[in-house]
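With mmCIF, C-alpha atoms inside, this is target_24.cif:
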data_run
#
loop_
_atom_site.group_PDB
_atom_site.id
_atom_site.type_symbol
_atom_site.label_atom_id
_atom_site.label_comp_id
_atom_site.auth_asym_id
_atom_site.auth_seq_id
_atom_site.Cartn_x
_atom_site.Cartn_y
_atom_site.Cartn_z
ATOM 1 C CA MET O 1 142.388 174.127 114.390
ATOM 2 C CA THR O 2 140.029 171.880 116.352
ATOM 3 C CA GLY O 3 141.569 168.680 117.673
ATOM 4 C CA ARG O 4 139.908 165.287 117.979
ATOM 5 C CA VAL O 5 139.620 163.800 121.462
ATOM 6 C CA VAL O 6 138.294 160.382 122.430
ATOM 7 C CA VAL O 7 137.501 159.953 126.113
ATOM 8 C CA VAL O 8 137.355 156.368 127.358
ATOM 9 C CA GLY O 9 135.827 156.340 130.792
ATOM 10 C CA SER O 10 133.031 156.238 133.313
ATOM 11 C CA ALA O 11 129.618 157.860 133.470
ATOM 12 C CA ASN O 12 127.683 158.155 136.728
ATOM 13 C CA VAL O 13 124.487 159.650 137.968
ATOM 14 C CA ASP O 14 125.600 161.929 140.819
ATOM 15 C CA LEU O 15 123.369 162.013 143.897
ATOM 16 C CA VAL O 16 124.495 165.120 145.770
ATOM 17 C CA VAL O 17 123.632 166.452 149.216
ATOM 18 C CA ASP O 18 124.993 169.534 150.975
ATOM 19 C CA VAL O 19 126.126 168.842 154.559
ATOM 20 C CA PRO O 20 127.244 171.174 157.365
ATOM 21 C CA ARG O 21 130.298 168.933 157.689
ATOM 22 C CA ARG O 22 131.281 165.475 156.561
ATOM 23 C CA PRO O 23 130.364 162.831 159.168
ATOM 24 C CA HIS O 24 132.800 160.850 161.273
ATOM 25 C CA GLY O 25 132.585 157.050 161.393
ATOM 26 C CA GLY O 26 129.280 155.884 162.829
ATOM 27 C CA GLU O 27 127.838 159.409 162.854
ATOM 28 C CA THR O 28 124.647 160.669 161.176
ATOM 29 C CA VAL O 29 124.568 164.232 159.829
ATOM 30 C CA LEU O 30 121.446 165.935 158.491
ATOM 31 C CA GLY O 31 121.954 167.457 155.055
ATOM 32 C CA GLY O 32 120.037 169.546 152.555
ATOM 33 C CA ASP O 33 117.849 168.478 149.654
ATOM 34 C CA LEU O 34 119.060 165.677 147.403
ATOM 35 C CA ARG O 35 119.978 166.693 143.840
ATOM 36 C CA ARG O 36 120.627 164.492 140.846
ATOM 37 C CA SER O 37 123.162 165.579 138.260
ATOM 38 C CA PRO O 38 125.186 163.981 135.439
ATOM 39 C CA GLY O 39 128.714 162.944 136.385
ATOM 40 C CA GLY O 40 131.409 160.283 136.248
ATOM 41 C CA LYS O 41 135.047 161.128 135.596
ATOM 42 C CA GLY O 42 134.957 160.090 131.953
ATOM 43 C CA ALA O 43 131.695 161.825 131.088
ATOM 44 C CA ASN O 44 132.737 164.965 132.975
ATOM 45 C CA GLN O 45 136.029 165.082 131.103
ATOM 46 C CA ALA O 46 134.301 164.569 127.762
ATOM 47 C CA VAL O 47 131.927 167.470 128.438
ATOM 48 C CA ALA O 48 134.896 169.636 129.436
ATOM 49 C CA ALA O 49 136.893 168.700 126.329
ATOM 50 C CA ALA O 50 133.964 169.620 124.071
ATOM 51 C CA LEU O 51 132.392 172.576 125.871
ATOM 52 C CA ALA O 52 135.353 174.276 127.561
ATOM 53 C CA GLY O 53 138.092 172.945 125.282
ATOM 54 C CA GLY O 54 136.347 173.189 121.925
ATOM 55 C CA ALA O 55 137.522 169.761 120.754
ATOM 56 C CA ALA O 56 135.602 167.368 118.510
ATOM 57 C CA THR O 57 134.965 164.847 121.291
ATOM 58 C CA THR O 58 133.733 161.251 121.375
ATOM 59 C CA PHE O 59 132.821 159.478 124.607
ATOM 60 C CA LEU O 60 133.268 155.715 124.878
ATOM 61 C CA GLY O 61 131.653 154.265 127.988
ATOM 62 C CA ALA O 62 129.197 151.645 129.215
ATOM 63 C CA PHE O 63 125.609 152.298 130.314
ATOM 64 C CA GLY O 64 122.718 150.247 131.587
ATOM 65 C CA SER O 65 119.215 150.319 130.101
ATOM 66 C CA ASP O 66 117.703 152.504 132.815
ATOM 67 C CA ASP O 67 116.586 156.115 133.037
ATOM 68 C CA GLY O 68 119.993 157.043 134.474
ATOM 69 C CA ALA O 69 121.590 156.133 131.136
ATOM 70 C CA ASP O 70 119.140 158.335 129.234
ATOM 71 C CA PHE O 71 119.816 161.175 131.671
ATOM 72 C CA LEU O 72 123.583 160.952 131.176
ATOM 73 C CA LEU O 73 123.477 160.552 127.408
ATOM 74 C CA SER O 74 121.245 163.607 127.120
ATOM 75 C CA SER O 75 123.774 165.717 129.046
ATOM 76 C CA LEU O 76 126.667 164.525 126.877
ATOM 77 C CA THR O 77 124.756 165.215 123.674
ATOM 78 C CA GLU O 78 123.745 168.704 124.806
ATOM 79 C CA ALA O 79 127.429 169.508 125.385
ATOM 80 C CA GLY O 80 128.270 168.478 121.824
ATOM 81 C CA VAL O 81 129.870 165.115 122.686
ATOM 82 C CA ARG O 82 129.435 162.218 120.251
ATOM 83 C CA THR O 83 127.896 159.152 121.931
ATOM 84 C CA ASP O 84 127.147 156.981 118.899
ATOM 85 C CA LEU O 85 129.579 154.244 119.971
ATOM 86 C CA VAL O 86 128.733 153.847 123.670
ATOM 87 C CA SER O 87 128.016 150.347 124.996
ATOM 88 C CA ARG O 88 124.795 149.125 126.622
ATOM 89 C CA VAL O 89 125.282 146.329 129.162
ATOM 90 C CA ASP O 90 123.146 144.244 131.501
ATOM 91 C CA SER O 91 123.898 146.250 134.636
ATOM 92 C CA ALA O 92 122.708 149.381 136.388
ATOM 93 C CA THR O 93 124.214 152.648 135.178
ATOM 94 C CA GLY O 94 126.990 153.887 137.494
ATOM 95 C CA THR O 95 126.004 156.026 140.486
ATOM 96 C CA ALA O 96 128.027 158.336 142.737
ATOM 97 C CA PHE O 97 127.003 159.492 146.212
ATOM 98 C CA ILE O 98 128.477 162.920 146.990
ATOM 99 C CA MET O 99 128.534 165.014 150.160
ATOM 100 C CA VAL O 100 129.514 168.687 149.768
ATOM 101 C CA SER O 101 130.558 170.746 152.799
ATOM 102 C CA PRO O 102 130.209 174.575 153.095
ATOM 103 C CA ASP O 103 133.826 175.130 152.016
ATOM 104 C CA GLY O 104 133.060 173.430 148.693
ATOM 105 C CA GLU O 105 135.039 170.274 149.476
ATOM 106 C CA ASN O 106 133.421 166.909 148.776
ATOM 107 C CA SER O 107 133.488 163.239 149.720
ATOM 108 C CA ILE O 108 132.439 160.696 147.090
ATOM 109 C CA VAL O 109 131.502 157.010 147.031
ATOM 110 C CA VAL O 110 131.018 155.403 143.605
ATOM 111 C CA ALA O 111 128.947 152.329 142.719
ATOM 112 C CA PRO O 112 130.526 151.523 139.317
ATOM 113 C CA GLY O 113 127.730 149.422 137.851
ATOM 114 C CA ALA O 114 127.969 149.362 134.055
ATOM 115 C CA ASN O 115 131.343 151.141 134.135
ATOM 116 C CA SER O 116 133.012 147.966 135.397
ATOM 117 C CA ARG O 117 131.870 146.119 132.259
ATOM 118 C CA LEU O 118 133.358 148.449 129.668
ATOM 119 C CA SER O 119 135.384 146.746 126.935
ATOM 120 C CA LEU O 120 136.464 148.099 123.552
ATOM 121 C CA ALA O 121 136.189 146.541 120.119
ATOM 122 C CA GLY O 122 135.506 147.179 116.440
ATOM 123 C CA GLU O 123 134.352 150.699 115.583
ATOM 124 C CA GLN O 124 135.290 151.941 119.040
ATOM 125 C CA LEU O 125 138.944 151.079 118.418
ATOM 126 C CA GLU O 126 138.718 152.660 114.962
ATOM 127 C CA ARG O 127 137.426 155.908 116.478
ATOM 128 C CA ILE O 128 140.338 155.884 118.934
ATOM 129 C CA ALA O 129 142.770 155.374 116.033
ATOM 130 C CA ALA O 130 141.414 158.556 114.402
ATOM 131 C CA ALA O 131 141.922 160.716 117.525
ATOM 132 C CA ASP O 132 144.678 163.222 118.227
ATOM 133 C CA VAL O 133 144.416 162.622 121.978
ATOM 134 C CA VAL O 134 142.976 159.664 123.886
ATOM 135 C CA LEU O 135 142.011 160.398 127.502
ATOM 136 C CA ALA O 136 141.199 157.751 130.121
ATOM 137 C CA GLN O 137 140.751 157.420 133.885
ATOM 138 C CA LEU O 138 140.621 154.544 136.399
ATOM 139 C CA GLU O 139 136.891 154.181 137.120
ATOM 140 C CA ILE O 140 136.852 151.588 134.317
ATOM 141 C CA PRO O 141 138.654 148.239 133.862
ATOM 142 C CA LEU O 142 142.387 148.498 133.252
ATOM 143 C CA GLU O 143 141.927 146.274 130.211
ATOM 144 C CA ALA O 144 139.927 149.068 128.557
ATOM 145 C CA VAL O 145 142.658 151.603 129.323
ATOM 146 C CA THR O 146 145.328 149.281 127.913
ATOM 147 C CA ALA O 147 143.269 148.628 124.765
ATOM 148 C CA ALA O 148 142.755 152.366 124.242
ATOM 149 C CA ALA O 149 146.480 153.048 124.549
ATOM 150 C CA ALA O 150 147.310 150.282 122.076
ATOM 151 C CA ALA O 151 144.739 151.475 119.523
ATOM 152 C CA ARG O 152 145.960 155.049 119.160
ATOM 153 C CA ARG O 153 147.712 156.017 115.943
ATOM 154 C CA PRO O 154 151.393 157.013 115.748
ATOM 155 C CA GLY O 155 151.783 160.622 116.849
ATOM 156 C CA ALA O 156 148.571 160.659 118.907
ATOM 157 C CA ARG O 157 148.926 161.156 122.654
ATOM 158 C CA MET O 158 147.621 158.887 125.405
ATOM 159 C CA VAL O 159 146.679 160.859 128.509
ATOM 160 C CA LEU O 160 145.790 159.033 131.723
ATOM 161 C CA ASN O 161 144.180 160.650 134.729
ATOM 162 C CA ALA O 162 145.190 158.018 137.293
ATOM 163 C CA ALA O 163 142.119 158.523 139.480
ATOM 164 C CA PRO O 164 140.787 157.120 141.651
ATOM 165 C CA SER O 165 144.056 155.854 143.095
ATOM 166 C CA ARG O 166 144.607 152.119 142.558
ATOM 167 C CA PRO O 167 147.498 149.742 141.785
ATOM 168 C CA LEU O 168 148.677 150.521 138.280
ATOM 169 C CA PRO O 169 150.893 148.427 135.971
ATOM 170 C CA GLN O 170 153.316 150.061 133.592
ATOM 171 C CA LEU O 171 151.270 151.468 130.687
ATOM 172 C CA ASP O 172 152.171 153.055 127.356
ATOM 173 C CA LEU O 173 151.412 156.694 128.237
ATOM 174 C CA ASP O 174 152.387 160.118 126.973
ATOM 175 C CA VAL O 175 150.948 162.291 129.757
ATOM 176 C CA LEU O 176 150.044 161.287 133.323
ATOM 177 C CA ILE O 177 147.738 163.526 135.383
ATOM 178 C CA VAL O 178 147.410 162.985 139.143
ATOM 179 C CA ASN O 179 146.652 165.004 142.263
ATOM 180 C CA GLU O 180 149.072 165.056 145.210
ATOM 181 C CA HIS O 181 147.520 162.033 146.935
ATOM 182 C CA GLU O 182 147.444 159.940 143.769
ATOM 183 C CA ALA O 183 151.007 160.990 142.967
ATOM 184 C CA ALA O 184 152.222 159.843 146.395
ATOM 185 C CA ASP O 185 150.409 156.520 146.018
ATOM 186 C CA LEU O 186 151.930 155.873 142.580
ATOM 187 C CA ALA O 187 155.410 156.982 143.644
ATOM 188 C CA GLY O 188 155.221 154.884 146.820
ATOM 189 C CA ARG O 189 156.284 157.763 149.047
ATOM 190 C CA SER O 190 155.388 161.250 150.213
ATOM 191 C CA ALA O 191 157.398 164.150 148.849
ATOM 192 C CA ALA O 192 157.105 167.659 147.490
ATOM 193 C CA PRO O 193 154.973 167.869 144.316
ATOM 194 C CA GLU O 194 157.998 168.659 142.152
ATOM 195 C CA GLU O 195 159.824 165.585 143.446
ATOM 196 C CA LEU O 196 156.749 163.399 142.939
ATOM 197 C CA ALA O 197 156.428 164.649 139.363
ATOM 198 C CA ARG O 198 160.066 163.804 138.694
ATOM 199 C CA LEU O 199 159.642 160.306 140.154
ATOM 200 C CA LEU O 200 156.529 159.661 138.085
ATOM 201 C CA GLN O 201 158.347 160.468 134.854
ATOM 202 C CA ARG O 202 159.413 156.826 135.065
ATOM 203 C CA ARG O 203 155.806 156.035 134.117
ATOM 204 C CA ALA O 204 155.238 158.730 131.488
ATOM 205 C CA PRO O 205 157.520 161.254 129.774
ATOM 206 C CA ALA O 206 155.214 164.107 130.842
ATOM 207 C CA VAL O 207 153.521 164.418 134.245
ATOM 208 C CA VAL O 208 151.068 166.946 135.661
ATOM 209 C CA VAL O 209 150.455 167.023 139.413
ATOM 210 C CA THR O 210 147.380 169.095 140.266
ATOM 211 C CA LEU O 211 147.425 171.046 143.530
ATOM 212 C CA GLY O 212 143.879 172.402 143.813
ATOM 213 C CA ALA O 213 143.845 176.115 144.574
ATOM 214 C CA ALA O 214 147.670 176.157 144.446
ATOM 215 C CA GLY O 215 147.732 175.352 140.717
ATOM 216 C CA CYS O 216 149.773 172.479 139.299
ATOM 217 C CA VAL O 217 153.267 171.177 138.649
ATOM 218 C CA VAL O 218 154.168 170.309 135.049
ATOM 219 C CA ALA O 219 157.128 168.012 134.392
ATOM 220 C CA GLU O 220 158.489 167.500 130.908
ATOM 221 C CA GLN O 221 162.061 168.433 129.962
ATOM 222 C CA GLU O 222 161.938 170.744 132.981
ATOM 223 C CA ILE O 223 159.692 170.984 136.019
ATOM 224 C CA VAL O 224 157.635 174.140 136.565
ATOM 225 C CA HIS O 225 154.952 175.214 139.034
ATOM 226 C CA LEU O 226 151.973 177.035 137.528
ATOM 227 C CA PRO O 227 150.048 179.066 140.135
ATOM 228 C CA GLY O 228 146.311 178.717 140.687
ATOM 229 C CA PHE O 229 143.661 181.387 140.143
ATOM 230 C CA GLU O 230 141.990 183.537 142.808
ATOM 231 C CA VAL O 231 138.341 182.421 143.099
ATOM 232 C CA SER O 232 135.725 181.837 145.809
ATOM 233 C CA PRO O 233 134.860 178.109 145.622
ATOM 234 C CA VAL O 234 131.265 176.928 145.760
ATOM 235 C CA ASP O 235 131.659 173.239 144.857
ATOM 236 C CA THR O 236 134.871 171.442 143.883
ATOM 237 C CA THR O 237 133.043 168.417 142.428
ATOM 238 C CA GLY O 238 134.355 167.760 138.922
ATOM 239 C CA ALA O 239 137.003 170.498 138.948
ATOM 240 C CA GLY O 240 139.791 168.001 138.342
ATOM 241 C CA ASP O 241 137.788 166.478 135.506
ATOM 242 C CA THR O 242 137.352 169.898 133.913
ATOM 243 C CA PHE O 243 141.131 170.332 134.129
ATOM 244 C CA CYS O 244 141.797 166.991 132.431
ATOM 245 C CA GLY O 245 139.275 167.496 129.640
ATOM 246 C CA VAL O 246 140.495 170.970 128.746
ATOM 247 C CA LEU O 247 144.140 169.904 128.898
ATOM 248 C CA ALA O 248 143.403 167.044 126.482
ATOM 249 C CA ALA O 249 141.546 169.401 124.120
ATOM 250 C CA ALA O 250 144.411 171.891 124.130
ATOM 251 C CA LEU O 251 146.946 169.137 123.392
ATOM 252 C CA ALA O 252 144.749 167.900 120.541
ATOM 253 C CA GLU O 253 144.793 171.432 119.154
ATOM 254 C CA GLY O 254 148.580 171.237 119.071
ATOM 255 C CA ARG O 255 149.386 173.432 122.066
ATOM 256 C CA PRO O 256 152.458 172.725 124.267
ATOM 257 C CA LEU O 257 151.796 170.955 127.570
ATOM 258 C CA ARG O 258 152.550 173.983 129.729
ATOM 259 C CA GLU O 259 150.141 176.176 127.762
ATOM 260 C CA ALA O 260 147.531 173.402 127.864
ATOM 261 C CA ALA O 261 147.899 173.164 131.646
ATOM 262 C CA GLU O 262 147.499 176.932 132.036
ATOM 263 C CA ARG O 263 144.262 176.871 130.052
ATOM 264 C CA ALA O 264 143.058 173.814 131.988
ATOM 265 C CA GLY O 265 143.789 175.554 135.293
ATOM 266 C CA ALA O 266 141.681 178.537 134.281
ATOM 267 C CA ALA O 267 138.777 176.276 133.307
ATOM 268 C CA ALA O 268 138.972 174.334 136.579
ATOM 269 C CA ALA O 269 139.058 177.559 138.600
ATOM 270 C CA LEU O 270 135.883 178.745 136.906
ATOM 271 C CA ALA O 271 134.237 175.358 137.488
ATOM 272 C CA VAL O 272 134.630 175.521 141.279
ATOM 273 C CA THR O 273 132.640 178.776 141.389
ATOM 274 C CA ARG O 274 129.516 176.873 140.274
ATOM 275 C CA PRO O 275 127.632 173.895 141.728
ATOM 276 C CA GLY O 276 127.690 170.470 140.128
ATOM 277 C CA ALA O 277 130.106 168.685 137.823
ATOM 278 C CA GLN O 278 129.032 168.912 134.183
ATOM 279 C CA SER O 279 126.716 171.822 134.934
ATOM 280 C CA ALA O 280 129.737 173.775 136.224
ATOM 281 C CA VAL O 281 131.852 173.369 133.076
ATOM 282 C CA PRO O 282 132.453 176.784 131.436
ATOM 283 C CA THR O 283 132.475 177.552 127.723
ATOM 284 C CA VAL O 284 135.552 178.149 125.575
ATOM 285 C CA ALA O 285 134.814 181.886 125.538
ATOM 286 C CA GLU O 286 134.444 182.055 129.323
ATOM 287 C CA VAL O 287 137.761 180.261 129.813
ATOM 288 C CA ALA O 288 139.575 182.577 127.395
ATOM 289 C CA GLU O 289 138.167 185.704 129.062
ATOM 290 C CA PHE O 290 138.974 184.471 132.562
ATOM 291 C CA ALA O 291 142.524 183.381 131.654
ATOM 292 C CA ALA O 292 143.160 186.755 130.037
ATOM 293 C CA GLY O 293 142.347 188.422 133.362
ATOM 294 C CA GLY O 294 145.444 186.827 134.912
ATOM 295 C CA ASN O 295 143.930 186.444 138.379
ATOM 296 C CA THR O 296 146.591 184.035 139.631
ATOM 297 C CA ARG O 297 147.618 183.532 143.251
#
Spit out the file's structure as structure tokens when you get a sec.
Amino acid sequence: MTGRVVVVGSANVDLVVDVPRRPHGGETVLGGDLRRSPGGKGANQAVAAALAGGAATTFLGAFGSDDGADFLLSSLTEAGVRTDLVSRVDSATGTAFIMVSPDGENSIVVAPGANSRLSLAGEQLERIAAADVVLAQLEIPLEAVTAAAAARRPGARMVLNAAPSRPLPQLDLDVLIVNEHEAADLAGRSAAPEELARLLQRRAPAVVVTLGAAGCVVAEQEIVHLPGFEVSPVDTTGAGDTFCGVLAAALAEGRPLREAAERAGAAAALAVTRPGAQSAVPTVAEVAEFAAGGNTR
């Protein structure tokens, strides 16, 4: 069975440069050649849900009328994502500036542009109401996230990747996905990942705290730690987005949260072995083969 996923989120043109190390304040560091690639948390997650998760995926986002919009829409379409209900607004398409160090870690600054003008109405809300899983992030207005949650049908699941970290009101969620830093910000304190997951169950009945190479913590009726996979990272850009998209696709297919998180972890591990965000997303077959190898830490 193929599930239906609607991703409500951001789309950015990523401007990426490799650096020997990330600069300190006031410091200039010479980097490598500039590359342009499709990105944005929402668009990345939509590509992952369709390509690596196998879900029938719609992306709802806002674009300008520039060549960056055409570039991003082409990437989404090539991955099999429906874009027939995206919005066009009077603003530049979102752009992200990314520095990648030799260990594969990155630093990112986002100019939201059109993303900050996303609002939902009409056919967009109808498409959300037909979905099995609705997935959103926080690079878009909170009003859009709230509208998406309210529009889902009974029995459908609202998944929020609360990134980037920002003040968040109480929302009607089914699954909350955060990394350790975002979890600490939302919980208002530092603690072990398992404790943070338990605290955040006040915001959603199910919580996933991602831990990078160490895997993730899944909290539902019980709290479990799922180990990461042994890989040699090349670029971590978009790995968390790959995780979120594949997890949403697996939930839409009817899989339990723990199984969905295991599949998502395998997809994210594969993604960090390749450069880029959307260009690093593996296929369903690649994820299945890699997960079957059981190369966990």
Give as number ranges by chain the residues that the PyMOL selection byres ((chain O and resi 172) around 8) matches when applied to the coordinates above. O: 146, 149-150, 158, 170-171, 173-174, 204
Report as CSV: every residue of stretch 84-114 of chain O with an atom at most 9 Å from stretch 13-22 of chain O, its closest pair of atoms, and their distance in Å to one decimal, counting all atoms listed in the file, with rows sorted by chain and ascending residue number.
residue,atom,partner,partner_atom,distance
O:Thr93,CA,O:Val13,CA,7.5
O:Gly94,CA,O:Val13,CA,6.3
O:Thr95,CA,O:Val13,CA,4.7
O:Ala96,CA,O:Asp14,CA,4.7
O:Phe97,CA,O:Leu15,CA,5.0
O:Ile98,CA,O:Val16,CA,4.7
O:Met99,CA,O:Val17,CA,5.2
O:Val100,CA,O:Asp18,CA,4.8
O:Ser101,CA,O:Val19,CA,5.1
O:Pro102,CA,O:Pro20,CA,6.2
O:Asn106,CA,O:Arg22,CA,8.2
O:Ser107,CA,O:Arg22,CA,7.5
O:Val110,CA,O:Asp14,CA,8.9
Could you tell me, as a PDB file with C-alpha atoms, in the coordinates of the input, which residues have any atom at most 12 Å from (142.0, 187.7, 131.9), counting all atoms listed in the file?
ATOM      1  CA  PHE O 229     143.661 181.387 140.143  1.00  0.00           C
ATOM      2  CA  GLU O 230     141.990 183.537 142.808  1.00  0.00           C
ATOM      3  CA  ARG O 263     144.262 176.871 130.052  1.00  0.00           C
ATOM      4  CA  ALA O 266     141.681 178.537 134.281  1.00  0.00           C
ATOM      5  CA  ALA O 267     138.777 176.276 133.307  1.00  0.00           C
ATOM      6  CA  LEU O 270     135.883 178.745 136.906  1.00  0.00           C
ATOM      7  CA  ALA O 285     134.814 181.886 125.538  1.00  0.00           C
ATOM      8  CA  GLU O 286     134.444 182.055 129.323  1.00  0.00           C
ATOM      9  CA  VAL O 287     137.761 180.261 129.813  1.00  0.00           C
ATOM     10  CA  ALA O 288     139.575 182.577 127.395  1.00  0.00           C
ATOM     11  CA  GLU O 289     138.167 185.704 129.062  1.00  0.00           C
ATOM     12  CA  PHE O 290     138.974 184.471 132.562  1.00  0.00           C
ATOM     13  CA  ALA O 291     142.524 183.381 131.654  1.00  0.00           C
ATOM     14  CA  ALA O 292     143.160 186.755 130.037  1.00  0.00           C
ATOM     15  CA  GLY O 293     142.347 188.422 133.362  1.00  0.00           C
ATOM     16  CA  GLY O 294     145.444 186.827 134.912  1.00  0.00           C
ATOM     17  CA  ASN O 295     143.930 186.444 138.379  1.00  0.00           C
ATOM     18  CA  THR O 296     146.591 184.035 139.631  1.00  0.00           C
TER      19      THR O 296
END
Taking the file as shown, what set of residues would the PyMOL selection byres ((chain O and resi 181-188) around 12) give back, as a compact mmCIF listing (two decimals) with C-alpha atoms, in the coordinates of the input?
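This is the output file result_16.txt:
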# COMPACT_ATOMS: atom_id res chain seq x y z
CA LEU O 138 140.62 154.54 136.40
CA ASN O 161 144.18 160.65 134.73
CA ALA O 162 145.19 158.02 137.29
CA ALA O 163 142.12 158.52 139.48
CA PRO O 164 140.79 157.12 141.65
CA SER O 165 144.06 155.85 143.10
CA ARG O 166 144.61 152.12 142.56
CA PRO O 167 147.50 149.74 141.78
CA LEU O 168 148.68 150.52 138.28
CA PRO O 169 150.89 148.43 135.97
CA GLN O 170 153.32 150.06 133.59
CA LEU O 176 150.04 161.29 133.32
CA ILE O 177 147.74 163.53 135.38
CA VAL O 178 147.41 162.99 139.14
CA ASN O 179 146.65 165.00 142.26
CA GLU O 180 149.07 165.06 145.21
CA ARG O 189 156.28 157.76 149.05
CA SER O 190 155.39 161.25 150.21
CA ALA O 191 157.40 164.15 148.85
CA ALA O 192 157.10 167.66 147.49
CA PRO O 193 154.97 167.87 144.32
CA GLU O 194 158.00 168.66 142.15
CA GLU O 195 159.82 165.58 143.45
CA LEU O 196 156.75 163.40 142.94
CA ALA O 197 156.43 164.65 139.36
CA ARG O 198 160.07 163.80 138.69
CA LEU O 199 159.64 160.31 140.15
CA LEU O 200 156.53 159.66 138.08
CA GLN O 201 158.35 160.47 134.85
CA ARG O 202 159.41 156.83 135.06
CA ARG O 203 155.81 156.04 134.12
CA ALA O 204 155.24 158.73 131.49
CA VAL O 207 153.52 164.42 134.24
CA VAL O 208 151.07 166.95 135.66
CA VAL O 209 150.46 167.02 139.41
CA THR O 210 147.38 169.10 140.27
CA LEU O 211 147.43 171.05 143.53
CA GLY O 212 143.88 172.40 143.81
CA VAL O 217 153.27 171.18 138.65
Given the file shown, determine the residues that the PyMOL selection byres ((chain O and resi 7) around 6) selects; report them as a count of residues only. 7
Quick one: residues within 9 Å of stretch 239-242 of chain O, all atoms listed in the file, excluding same-chain residues fewer than 3 positions away - as a ChimeraX atom specification? /O:40-49,52,161,179,210,212,235-236,245-247,264-265,267-272,277-278,280-282
Nearest-residue call for O:Ile223, choices O:Ala62, O:Ala50, O:Leu257, O:Ala69, using all atoms listed in the file: O:Leu257
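In this model, the gap between atom CA of O:Leu76 and atom CA of O:Glu259 comes to 26.2 Å.
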In Å, how far is it from atom CA of O:Phe71 to atom CA of O:Leu30? 27.3 Å
Place a sphere of radius 8 Å on (140.2, 153.9, 132.8) in the file coordinates and name every protein, DNA or RNA residue with an atom inside or on its surface, counting only C-alpha atoms; give the answer as a list in words. Val8, Gly9, Ser10, Ala136, Gln137, Leu138, Glu139, Ile140, Pro141, Leu142, Ala144, Val145, Leu160 and Ala162 of chain O
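Across O:Glu220, O:Ala249, O:Ala111, O:Val133, the tightest approach to O:Gly155 is made by O:Val133 when counting only C-alpha atoms.
Among the candidates O:Cys216, O:Ala151, O:Leu125, O:Leu251, the residue lying nearest to O:Val175 is O:Leu251 (atoms considered: all atoms listed in the file).
Note that atom CA of O:Gly68 and atom CA of O:Asn12 are 8.1 Å apart.
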